[in-house]
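What follows is final-v7.csv (CSV, C-alpha atoms).
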```csv
chain,number,residue,atom,x,y,z
A,1,MET,CA,2.8,40.2,36.7
A,2,SER,CA,6.3,38.6,37.0
A,3,TYR,CA,9.3,40.6,38.2
A,4,LYS,CA,11.8,40.8,35.3
A,5,ILE,CA,15.6,40.7,35.6
A,6,TYR,CA,17.8,41.3,32.6
A,7,LEU,CA,21.3,39.9,32.4
A,8,TYR,CA,22.4,41.5,29.2
A,9,ASP,CA,26.1,42.1,28.5
A,10,THR,CA,27.3,45.7,28.3
A,11,ASP,CA,30.6,47.2,27.0
A,12,THR,CA,32.1,46.8,30.4
A,13,ASP,CA,30.1,44.1,32.2
A,14,CYS,CA,29.5,40.4,31.9
A,15,ILE,CA,28.6,37.6,34.3
A,16,GLY,CA,30.3,38.4,37.6
A,17,SER,CA,30.4,42.2,37.2
A,18,GLY,CA,28.1,45.2,37.3
A,19,THR,CA,24.4,44.4,36.8
A,20,LEU,CA,25.4,40.8,36.0
A,21,SER,CA,27.0,40.0,39.3
A,22,SER,CA,25.7,37.6,42.0
A,23,SER,CA,25.3,40.5,44.5
A,24,TYR,CA,23.1,42.4,42.0
A,25,ILE,CA,20.9,39.4,41.4
A,26,GLN,CA,20.6,38.9,45.2
A,27,ALA,CA,19.4,42.4,45.6
A,28,GLN,CA,16.9,42.0,42.7
A,29,LEU,CA,15.5,38.8,44.2
A,30,GLU,CA,15.0,40.6,47.6
A,31,ILE,CA,13.0,43.3,45.8
A,32,ALA,CA,10.9,40.6,44.0
A,33,ALA,CA,10.0,39.3,47.5
A,34,GLY,CA,8.7,35.9,46.5
A,35,GLN,CA,6.7,36.9,43.4
A,36,ASP,CA,7.3,35.1,40.1
A,37,VAL,CA,10.6,36.1,38.4
A,38,GLU,CA,11.6,36.1,34.8
A,39,VAL,CA,15.4,36.2,34.2
A,40,HIS,CA,16.3,37.2,30.6
A,41,ILE,CA,19.8,36.3,29.5
A,42,SER,CA,22.0,37.5,26.6
A,43,SER,CA,25.6,37.0,27.6
A,44,VAL,CA,28.9,35.6,26.4
A,45,GLY,CA,29.7,34.4,29.9
A,46,GLY,CA,32.2,35.4,32.5
A,47,SER,CA,33.0,34.2,36.0
A,48,ALA,CA,32.2,30.5,36.6
A,49,PHE,CA,32.0,31.2,40.4
A,50,ASP,CA,29.6,34.0,40.1
A,51,ALA,CA,27.5,31.9,37.7
A,52,ILE,CA,27.3,29.1,40.2
A,53,ALA,CA,26.3,31.6,42.9
A,54,ILE,CA,23.5,33.0,40.7
A,55,TYR,CA,22.4,29.5,39.9
A,56,ASP,CA,22.2,28.8,43.6
A,57,LEU,CA,20.2,32.0,44.3
A,58,LEU,CA,17.7,31.2,41.6
A,59,LYS,CA,17.3,27.6,42.8
A,60,LYS,CA,16.7,28.7,46.4
A,61,TYR,CA,14.2,31.5,45.5
A,62,PRO,CA,10.8,30.7,46.9
A,63,GLY,CA,8.8,32.0,43.9
A,64,ASN,CA,8.6,30.5,40.4
A,65,VAL,CA,11.7,31.3,38.3
A,66,ILE,CA,11.7,31.2,34.5
A,67,THR,CA,14.9,31.8,32.7
A,68,TYR,CA,14.9,33.0,29.1
A,69,VAL,CA,17.8,32.7,26.7
A,70,ASP,CA,17.0,35.7,24.5
A,71,ALA,CA,20.1,35.6,22.2
A,72,LEU,CA,23.0,33.8,23.7
A,73,ALA,CA,23.8,31.9,26.9
A,74,ALA,CA,27.5,31.0,26.5
A,75,SER,CA,30.0,29.7,28.9
A,76,ALA,CA,29.1,30.8,32.5
A,77,ALA,CA,25.8,32.3,31.2
A,78,SER,CA,24.6,28.8,30.3
A,79,ILE,CA,25.0,27.9,34.0
A,80,VAL,CA,22.8,30.8,35.0
A,81,ALA,CA,20.2,29.7,32.5
A,82,MET,CA,20.0,26.2,34.2
A,83,GLY,CA,18.8,27.9,37.4
A,84,GLY,CA,15.3,28.4,36.2
A,85,LYS,CA,12.5,26.0,37.1
A,86,THR,CA,11.6,26.4,33.5
A,87,VAL,CA,14.1,27.2,30.8
A,88,VAL,CA,12.8,28.9,27.7
A,89,MET,CA,15.0,29.6,24.6
A,90,SER,CA,14.3,31.8,21.6
A,91,LYS,CA,14.2,29.8,18.4
A,92,TYR,CA,16.9,32.2,17.1
A,93,ALA,CA,19.2,31.9,20.2
A,94,LEU,CA,22.3,29.8,20.9
A,95,LEU,CA,23.6,28.0,23.9
A,96,MET,CA,27.3,27.1,24.3
A,97,ILE,CA,29.2,25.1,26.9
A,98,HIS,CA,33.0,24.5,27.1
A,99,LYS,CA,35.8,23.8,29.6
A,100,PRO,CA,36.5,26.4,32.3
A,101,MET,CA,39.6,28.6,31.6
A,102,VAL,CA,41.9,30.7,33.8
A,103,GLY,CA,44.5,33.3,33.0
A,104,THR,CA,47.5,32.2,35.0
A,105,GLY,CA,51.3,32.3,35.4
A,106,GLY,CA,54.0,31.0,37.7
A,107,ASN,CA,56.1,28.0,38.2
A,108,ALA,CA,55.2,24.4,37.4
A,109,ASP,CA,53.8,23.7,40.9
A,110,GLU,CA,51.4,26.6,40.6
A,111,LEU,CA,50.3,25.6,37.1
A,112,LEU,CA,49.6,22.1,38.3
A,113,LYS,CA,47.4,23.5,41.1
A,114,ASP,CA,45.5,25.5,38.5
A,115,VAL,CA,44.9,22.4,36.5
A,116,GLN,CA,43.5,20.6,39.5
A,117,MET,CA,41.3,23.5,40.3
A,118,LEU,CA,40.0,23.7,36.7
A,119,ASN,CA,39.2,19.9,36.7
A,120,ILE,CA,37.2,20.4,40.0
A,121,VAL,CA,35.3,23.4,38.6
A,122,GLN,CA,34.5,21.4,35.4
A,123,SER,CA,33.1,18.5,37.5
A,124,ARG,CA,30.8,21.0,39.3
A,125,LEU,CA,29.6,22.6,36.1
A,126,ALA,CA,29.1,19.2,34.6
A,127,GLN,CA,27.0,18.2,37.6
A,128,ILE,CA,24.7,21.2,37.0
A,129,TYR,CA,24.2,20.2,33.4
A,130,MET,CA,23.6,16.6,34.4
A,131,ASP,CA,21.0,17.6,37.0
A,132,LYS,CA,19.1,19.6,34.4
A,133,THR,CA,19.3,17.2,31.4
A,134,GLY,CA,19.4,13.8,33.0
A,135,LEU,CA,22.3,12.9,30.8
A,136,ASP,CA,25.2,10.8,32.1
A,137,GLY,CA,28.6,12.3,33.0
A,138,VAL,CA,30.5,10.9,30.1
A,139,THR,CA,28.1,12.5,27.6
A,140,ILE,CA,28.1,15.9,29.4
A,141,ASN,CA,31.9,16.0,29.6
A,142,ASN,CA,32.2,15.1,26.0
A,143,LEU,CA,30.0,18.0,25.1
A,144,ILE,CA,32.0,20.3,27.4
A,145,ASN,CA,35.4,19.2,26.0
A,146,ALA,CA,34.2,19.6,22.4
A,147,VAL,CA,33.1,23.2,22.9
A,148,THR,CA,29.5,22.6,21.9
A,149,TRP,CA,27.2,25.1,20.3
A,150,LEU,CA,23.5,24.2,20.5
A,151,SER,CA,20.5,25.6,18.6
A,152,ALA,CA,17.2,25.8,20.4
A,153,ASP,CA,15.9,22.6,18.9
A,154,GLN,CA,19.1,20.7,19.8
A,155,ALA,CA,19.1,22.1,23.3
A,156,LEU,CA,15.5,21.0,23.7
A,157,ASP,CA,16.3,17.5,22.4
A,158,LEU,CA,19.2,17.1,24.9
A,159,GLY,CA,17.2,18.5,27.8
A,160,PHE,CA,19.1,21.7,28.5
A,161,ILE,CA,15.9,23.7,28.0
A,162,ASP,CA,12.2,23.0,28.4
A,163,GLN,CA,10.6,25.1,25.7
A,164,VAL,CA,11.4,26.9,22.5
A,165,GLU,CA,9.8,30.3,22.1
A,166,ASP,CA,8.4,30.9,18.7
A,167,TYR,CA,7.0,34.3,18.1
A,168,ASN,CA,5.1,33.3,15.0
A,169,ALA,CA,3.6,30.1,16.3
A,170,THR,CA,0.1,29.3,15.2
A,171,ILE,CA,-2.5,27.4,17.2
A,172,THR,CA,-1.8,23.8,16.3
A,173,ASN,CA,-2.3,20.4,17.8
A,174,SER,CA,1.3,20.6,19.1
A,175,ALA,CA,0.6,23.9,20.9
A,176,ILE,CA,-2.5,22.4,22.5
A,177,ILE,CA,-0.5,19.4,23.6
A,178,LYS,CA,2.2,21.6,25.2
A,179,ASN,CA,-0.5,23.4,27.2
A,180,TYR,CA,-1.5,20.1,28.8
A,181,ILE,CA,2.1,18.9,29.5
A,182,ASN,CA,3.4,22.1,31.1
A,183,THR,CA,2.7,20.6,34.6
A,184,ALA,CA,4.2,17.2,33.7
A,185,PRO,CA,7.7,16.2,35.0
A,186,ALA,CA,10.5,17.6,32.9
A,187,VAL,CA,11.6,14.2,31.6
A,188,TYR,CA,8.2,13.6,30.0
A,189,GLN,CA,8.0,17.1,28.6
A,190,ARG,CA,11.4,16.5,26.9
A,191,CYS,CA,10.2,13.2,25.4
A,192,ILE,CA,7.0,14.8,24.0
A,193,ASN,CA,8.8,17.9,22.8
A,194,LYS,CA,11.3,15.7,21.0
A,195,ILE,CA,8.6,13.8,19.2
A,196,LEU,CA,6.9,17.0,18.2
A,197,THR,CA,10.1,18.5,16.9
A,198,GLN,CA,11.0,15.4,14.9
A,199,LYS,CA,7.5,15.5,13.4
A,200,SER,CA,7.8,19.1,12.3
A,201,ASN,CA,11.3,18.5,10.9
A,202,MET,CA,10.2,15.5,8.9
A,203,ASN,CA,11.6,15.7,5.3
A,204,ILE,CA,10.0,14.5,2.1
A,205,GLU,CA,12.1,11.4,2.0
A,206,ASN,CA,10.9,10.3,5.5
A,207,LYS,CA,7.3,11.0,4.4
A,208,GLU,CA,7.7,8.9,1.3
A,209,LEU,CA,9.3,6.1,3.4
A,210,ILE,CA,6.4,6.3,5.9
A,211,ASP,CA,3.8,6.2,3.0
A,212,LYS,CA,5.5,3.1,1.5
A,213,THR,CA,5.6,1.5,4.9
A,214,ALA,CA,2.0,2.3,5.6
A,215,SER,CA,1.1,0.8,2.2
A,216,VAL,CA,2.9,-2.4,3.0
A,217,LEU,CA,1.3,-2.6,6.4
A,218,ASP,CA,-2.1,-2.1,4.9
A,219,LYS,CA,-1.4,-5.0,2.5
A,220,ILE,CA,-0.3,-7.2,5.4
A,221,MET,CA,-3.4,-6.3,7.4
A,222,ASN,CA,-5.7,-7.0,4.5
A,223,PHE,CA,-4.0,-10.4,4.1
A,224,PHE,CA,-4.6,-11.3,7.8
A,225,LYS,CA,-8.1,-10.0,7.5
A,226,LYS,CA,-8.8,-12.5,4.8
A,227,VAL,CA,-7.1,-15.3,6.8
A,228,VAL,CA,-8.5,-14.6,10.2
A,229,ASN,CA,-11.9,-13.1,9.4
A,230,LYS,CA,-15.0,-15.3,8.8
A,231,GLN,CA,-18.0,-15.0,6.5
A,232,THR,CA,-21.6,-16.0,6.8
A,233,ILE,CA,-23.7,-16.6,3.7
A,234,THR,CA,-27.2,-15.2,3.8
A,235,ASP,CA,-30.1,-14.7,1.4
A,236,LYS,CA,-28.8,-11.1,0.7
A,237,GLY,CA,-25.2,-12.0,0.1
A,238,VAL,CA,-22.1,-12.7,2.3
A,239,LEU,CA,-21.6,-11.0,5.7
A,240,HIS,CA,-17.9,-10.7,6.6
A,241,HIS,CA,-17.0,-10.4,10.3
A,242,ALA,CA,-14.2,-11.0,12.8
A,243,GLY,CA,-14.7,-14.0,15.1
A,244,GLU,CA,-18.0,-15.6,15.6
A,245,LEU,CA,-21.3,-14.0,14.5
A,246,ASP,CA,-23.0,-12.8,17.7
A,247,GLU,CA,-24.9,-9.8,19.0
A,248,GLY,CA,-22.7,-6.7,18.7
A,249,THR,CA,-20.5,-8.2,16.0
A,250,GLU,CA,-19.6,-5.7,13.3
A,251,VAL,CA,-20.4,-7.1,9.8
A,252,TYR,CA,-19.3,-5.9,6.4
A,253,ASN,CA,-20.1,-6.5,2.7
A,254,ASP,CA,-16.4,-6.9,1.6
A,255,GLU,CA,-13.4,-9.0,2.5
A,256,GLY,CA,-11.4,-6.0,3.4
A,257,MET,CA,-14.1,-5.1,5.9
A,258,ASP,CA,-14.3,-1.5,4.8
A,259,SER,CA,-18.0,-1.2,3.8
A,260,PRO,CA,-20.4,-1.9,6.7
A,261,ALA,CA,-23.4,-4.1,5.9
A,262,ALA,CA,-26.7,-2.4,5.2
A,263,SER,CA,-29.3,-2.2,7.9
A,264,ASP,CA,-31.6,-5.1,7.2
A,265,THR,CA,-32.7,-8.6,8.3
A,266,TYR,CA,-30.7,-11.4,6.8
A,267,THR,CA,-31.6,-15.1,6.8
A,268,THR,CA,-28.7,-17.6,7.1
A,269,ALA,CA,-28.5,-21.0,5.5
A,270,ASP,CA,-29.7,-22.7,8.7
A,271,GLY,CA,-32.8,-20.4,8.7
A,272,SER,CA,-31.6,-18.1,11.5
A,273,LYS,CA,-32.5,-14.4,11.2
A,274,VAL,CA,-29.8,-11.8,11.7
A,275,ALA,CA,-31.0,-8.2,12.4
A,276,VAL,CA,-28.3,-5.7,11.3
A,277,SER,CA,-28.4,-2.0,12.1
A,278,GLY,CA,-25.6,0.5,11.7
A,279,GLY,CA,-23.1,-2.2,10.6
A,280,GLN,CA,-23.6,-4.2,13.8
A,281,VAL,CA,-25.6,-7.3,14.6
A,282,GLN,CA,-28.5,-6.2,16.9
A,283,LYS,CA,-30.2,-9.6,17.3
A,284,ILE,CA,-29.9,-13.2,16.2
A,285,ILE,CA,-33.1,-15.3,16.2
A,286,PRO,CA,-32.5,-19.0,15.6
A,287,LEU,CA,-35.0,-20.9,13.6
A,288,ALA,CA,-36.3,-22.8,16.6
A,289,ALA,CA,-36.8,-19.6,18.5
A,290,ASP,CA,-38.6,-17.8,15.7
A,291,PRO,CA,-42.3,-17.4,16.9
A,292,ASP,CA,-43.4,-17.4,13.2
A,293,ALA,CA,-41.6,-20.6,12.4
A,294,ASP,CA,-43.7,-23.7,11.4
A,295,PRO,CA,-43.1,-26.5,14.0
A,296,ASP,CA,-44.3,-29.1,11.4
A,297,ALA,CA,-42.2,-27.8,8.5
A,298,ASP,CA,-39.7,-30.7,8.7
A,299,ASP,CA,-42.3,-33.4,9.2
A,300,ASP,CA,-42.7,-36.1,6.5
A,301,ASP,CA,-45.7,-35.9,4.2
A,302,ASP,CA,-47.0,-39.3,5.5
A,303,ASP,CA,-47.2,-37.9,9.0
A,304,ALA,CA,-48.9,-34.7,8.0
A,305,PRO,CA,-52.5,-34.2,9.2
A,306,SER,CA,-55.3,-34.1,6.7
A,307,ASP,CA,-55.8,-30.3,7.2
A,308,LYS,CA,-52.2,-29.4,6.7
A,309,PHE,CA,-52.9,-27.2,3.7
A,310,LYS,CA,-55.9,-25.4,5.2
A,311,ALA,CA,-55.9,-21.7,5.7
A,312,GLY,CA,-54.9,-22.0,9.4
A,313,LYS,CA,-51.2,-21.8,8.6
A,314,LYS,CA,-49.7,-18.4,8.5
A,315,PRO,CA,-48.3,-17.1,5.2
A,316,VAL,CA,-45.2,-15.8,7.1
A,317,ASN,CA,-44.1,-19.4,7.6
A,318,VAL,CA,-43.8,-20.0,3.8
A,319,GLN,CA,-41.9,-16.8,3.5
A,320,ASN,CA,-39.4,-17.8,6.1
A,321,LYS,CA,-38.9,-21.2,4.4
A,322,LEU,CA,-38.3,-19.4,1.1
A,323,GLN,CA,-35.6,-17.2,2.6
A,324,SER,CA,-33.9,-20.2,4.2
A,325,VAL,CA,-33.9,-22.0,0.9
A,326,LYS,CA,-32.6,-18.9,-0.9
A,327,ALA,CA,-29.7,-18.7,1.6
A,328,LYS,CA,-28.8,-22.3,1.1
A,329,LEU,CA,-28.9,-21.9,-2.7
A,330,HIS,CA,-26.6,-18.8,-2.3
A,331,ALA,CA,-24.1,-20.9,-0.3
A,332,GLN,CA,-24.2,-23.7,-2.8
A,333,ASN,CA,-23.7,-21.3,-5.7
A,334,ALA,CA,-20.7,-19.8,-4.0
A,335,LEU,CA,-19.2,-23.3,-3.5
A,336,LEU,CA,-19.9,-24.3,-7.1
A,337,SER,CA,-18.3,-21.1,-8.3
A,338,GLU,CA,-15.1,-21.8,-6.4
A,339,ALA,CA,-15.1,-25.4,-7.6
A,340,LYS,CA,-15.6,-24.3,-11.2
A,341,GLN,CA,-12.6,-21.9,-11.0
A,342,ALA,CA,-10.4,-24.7,-9.5
A,343,LEU,CA,-11.5,-27.1,-12.3
A,344,GLU,CA,-10.7,-24.6,-15.0
A,345,ALA,CA,-7.3,-24.0,-13.6
A,346,ALA,CA,-6.6,-27.7,-13.4
A,347,ASN,CA,-7.9,-28.3,-16.9
A,348,SER,CA,-5.7,-25.6,-18.3
A,349,ARG,CA,-2.7,-27.2,-16.7
A,350,LEU,CA,-3.6,-30.6,-18.1
A,351,LYS,CA,-3.9,-29.2,-21.6
A,352,LYS,CA,-0.3,-28.0,-21.6
A,353,THR,CA,2.1,-30.0,-23.7
A,354,ARG,CA,5.3,-31.6,-22.4
A,355,ASP,CA,7.3,-28.9,-24.2
A,356,GLU,CA,5.3,-26.1,-22.7
A,357,VAL,CA,5.8,-27.5,-19.2
A,358,ARG,CA,9.5,-28.0,-20.0
A,359,ASN,CA,9.8,-24.4,-21.1
A,360,GLU,CA,8.3,-23.2,-17.8
A,361,ILE,CA,11.1,-24.8,-15.8
A,362,LYS,CA,14.0,-24.5,-18.3
A,363,SER,CA,16.7,-22.1,-17.3
A,364,ASP,CA,18.0,-19.6,-19.8
A,365,PHE,CA,21.0,-18.7,-17.6
A,366,THR,CA,24.2,-17.9,-19.5
A,367,PRO,CA,27.5,-17.8,-17.6
A,368,GLU,CA,29.1,-14.4,-17.5
A,369,GLY,CA,31.7,-14.0,-20.2
A,370,SER,CA,30.4,-16.9,-22.3
A,371,LYS,CA,31.2,-16.6,-26.0
A,372,ARG,CA,28.2,-18.8,-27.0
A,373,SER,CA,25.6,-16.9,-29.0
A,374,ASN,CA,21.9,-17.2,-28.6
A,375,LYS,CA,21.9,-18.8,-32.0
A,376,ALA,CA,24.2,-21.5,-30.9
A,377,LYS,CA,21.7,-22.6,-28.2
A,378,THR,CA,19.1,-23.6,-30.9
A,379,GLU,CA,21.3,-24.9,-33.7
A,380,PRO,CA,22.2,-28.7,-33.4
A,381,ALA,CA,25.8,-29.4,-33.3
A,382,PRO,CA,27.2,-31.0,-36.6
A,383,PHE,CA,27.9,-34.7,-36.7
A,384,PHE,CA,31.5,-34.1,-37.5
A,385,ALA,CA,33.2,-30.7,-36.8
A,386,PRO,CA,37.0,-30.7,-36.9
A,387,GLN,CA,38.4,-28.5,-34.2
A,388,THR,CA,42.2,-28.4,-34.8
A,389,PRO,CA,43.8,-26.5,-37.7
A,390,LEU,CA,45.4,-29.7,-38.9
A,391,ALA,CA,42.1,-31.5,-39.1
A,392,GLN,CA,40.4,-28.6,-40.8
A,393,ASN,CA,43.1,-28.5,-43.5
A,394,ALA,CA,42.8,-32.2,-44.1
A,395,VAL,CA,39.0,-31.9,-44.6
A,396,LYS,CA,39.6,-29.0,-47.1
A,397,LYS,CA,42.1,-31.1,-49.1
A,398,ALA,CA,39.7,-34.1,-49.2
A,399,VAL,CA,36.9,-31.9,-50.4
A,400,ALA,CA,39.1,-30.3,-53.1
A,401,LYS,CA,39.9,-33.7,-54.5
```

Is it possible to express this structure as structure tokens?
Amino acid sequence: MSYKIYLYDTDTDCIGSGTLSSSYIQAQLEIAAGQDVEVHISSVGGSAFDAIAIYDLLKKYPGNVITYVDALAASAASIVAMGGKTVVMSKYALLMIHKPMVGTGGNADELLKDVQMLNIVQSRLAQIYMDKTGLDGVTINNLINAVTWLSADQALDLGFIDQVEDYNATITNSAIIKNYINTAPAVYQRCINKILTQKSNMNIENKELIDKTASVLDKIMNFFKKVVNKQTITDKGVLHHAGELDEGTEVYNDEGMDSPAASDTYTTADGSKVAVSGGQVQKIIPLAADPDADPDADDDDDDAPSDKFKAGKKPVNVQNKLQSVKAKLHAQNALLSEAKQALEAANSRLKKTRDEVRNEIKSDFTPEGSKRSNKAKTEPAPFFAPQTPLAQNAVKKAVAK
């Protein structure tokens, strides 16, 4: 069991007074006597100097210290929160940092001294935030000067806290991951937590964008598969594969390489046998290494012995030759099919008339603001068309006569 200390504001006390003072925390830590400590915070702040003292006490404590921001850790209370080895913040809580303040009076010299003192105090507070978050001084001081309020998720992203406490959390992959990263360095925990937070906050637009991007990437990958991947024509169809066909190579029935090839023995065009099981090549037996192959299969008929067709030859040899021929015919048919498609495309292009070809490349662009009608594009211009009013009147008079 951990020893619990509660730094909750009362009607009269805040950081620096009563049960929220550095002397009270010191007494509580002495009672804890080295056992793990949980410090629960709900405070609007108070004395910056007492906050630094409490921070120092928590950092020096020999046991494990976990600070919890239960509702609010504002101003000086945020400094106390940074004292935990692990800082946990309720998903409903807030954390606020701002410039240190002082109620003062006096002459100009005394006011200038107060300004110098406040600047020094701010530099020390900023250093505590920098040590916890790993952020640079410019960023931290900008947050301080702007009086920054942070939600739990924002504080987690910036590194002010290590965990967000969600009372309704279900067992998810994220929760399992967090259990494994609890012992990792804080910088790695913040990176992983930020990724998990962004994933949970992903909106519909982002999902649609990712889906579209994934679709485009799939098309690109399929294109490169067709360009890079190779194919081997066999007696049972085409085997698609990446790289050279060898033992252990994965083989597929389609160009997209989504459907693994059926477990069977395939014969290639050169007579080699390819044993496939579970979508992978288990063994390749070249024709020369096939124990059932006929060593005299390629000999000329003139050199064949007189008993060539006697029953001594194994029927398996004939079957192997048939499979090899079948694979070669399959390859030739594939090439003929491609050639036929190319010839048909070329023939259709040759049959097009000159006007059809001209229409394919003719532009129908019309300048913006043009008064020419579509009808004017097709009508031939008249041989004589008077343009000026004087010429038009002269034509009318000539026709009237």

Å distance separating atom CA of Glu344 of chain A from atom CA of Asp235 of chain A, one decimal place: 27.3 Å

Length of the atom CA of Ile41 of chain A to atom CA of Asp136 of chain A vector [Å]: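 Separating atom CA of Ile41 of chain A from atom CA of Asp136 of chain A is a distance of 26.2 Å.
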
8 Å contact set for Asp264 of chain A, all atoms listed in the file, chain neighbours under 4 positions out, as number ranges by chain: A: 275-277

Who sits within 7 Å of Ile285 of chain A, only C-alpha atoms, same chain under 6 positions skipped, as a PyMOL selection string: chain A and resi 272-274

d(atom CA of Ile97 of chain A, atom CA of Ser75 of chain A) in Å: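 Going from atom CA of Ile97 of chain A over to atom CA of Ser75 of chain A, I get 5.1 Å.
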
Closest of A:Ala261, A:Ala126, A:Leu329, A:Ile54 to Gly83 of chain A - atom-to-atom distances counting all atoms listed in the file: A:Ile54

Counting all atoms listed in the file, the option among A:Ser42, A:Gln116, A:Gln127, A:Ser47 closest to Ala81 of chain A: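 When distances to Ala81 of chain A are compared using all atoms listed in the file, the smallest one comes from A:Ser42.
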
Which residue of A:Ser259, A:Ser90, A:Asn141, A:Asn393 approaches Ala73 of chain A most closely, using all atoms listed in the file: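 The answer is A:Ser90, which sits nearest to Ala73 of chain A.
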
Selection: 12 Å around Thr10 of chain A, all atoms listed in the file, excl. self and same-chain fewer than 6 positions, as a count of residues only: 8

Distance query Lys91 of chain A at most 7 Å, only C-alpha atoms, self and fewer than 5 positions along chain excluded, as a PyMOL selection string: chain A and resi 152+164-166
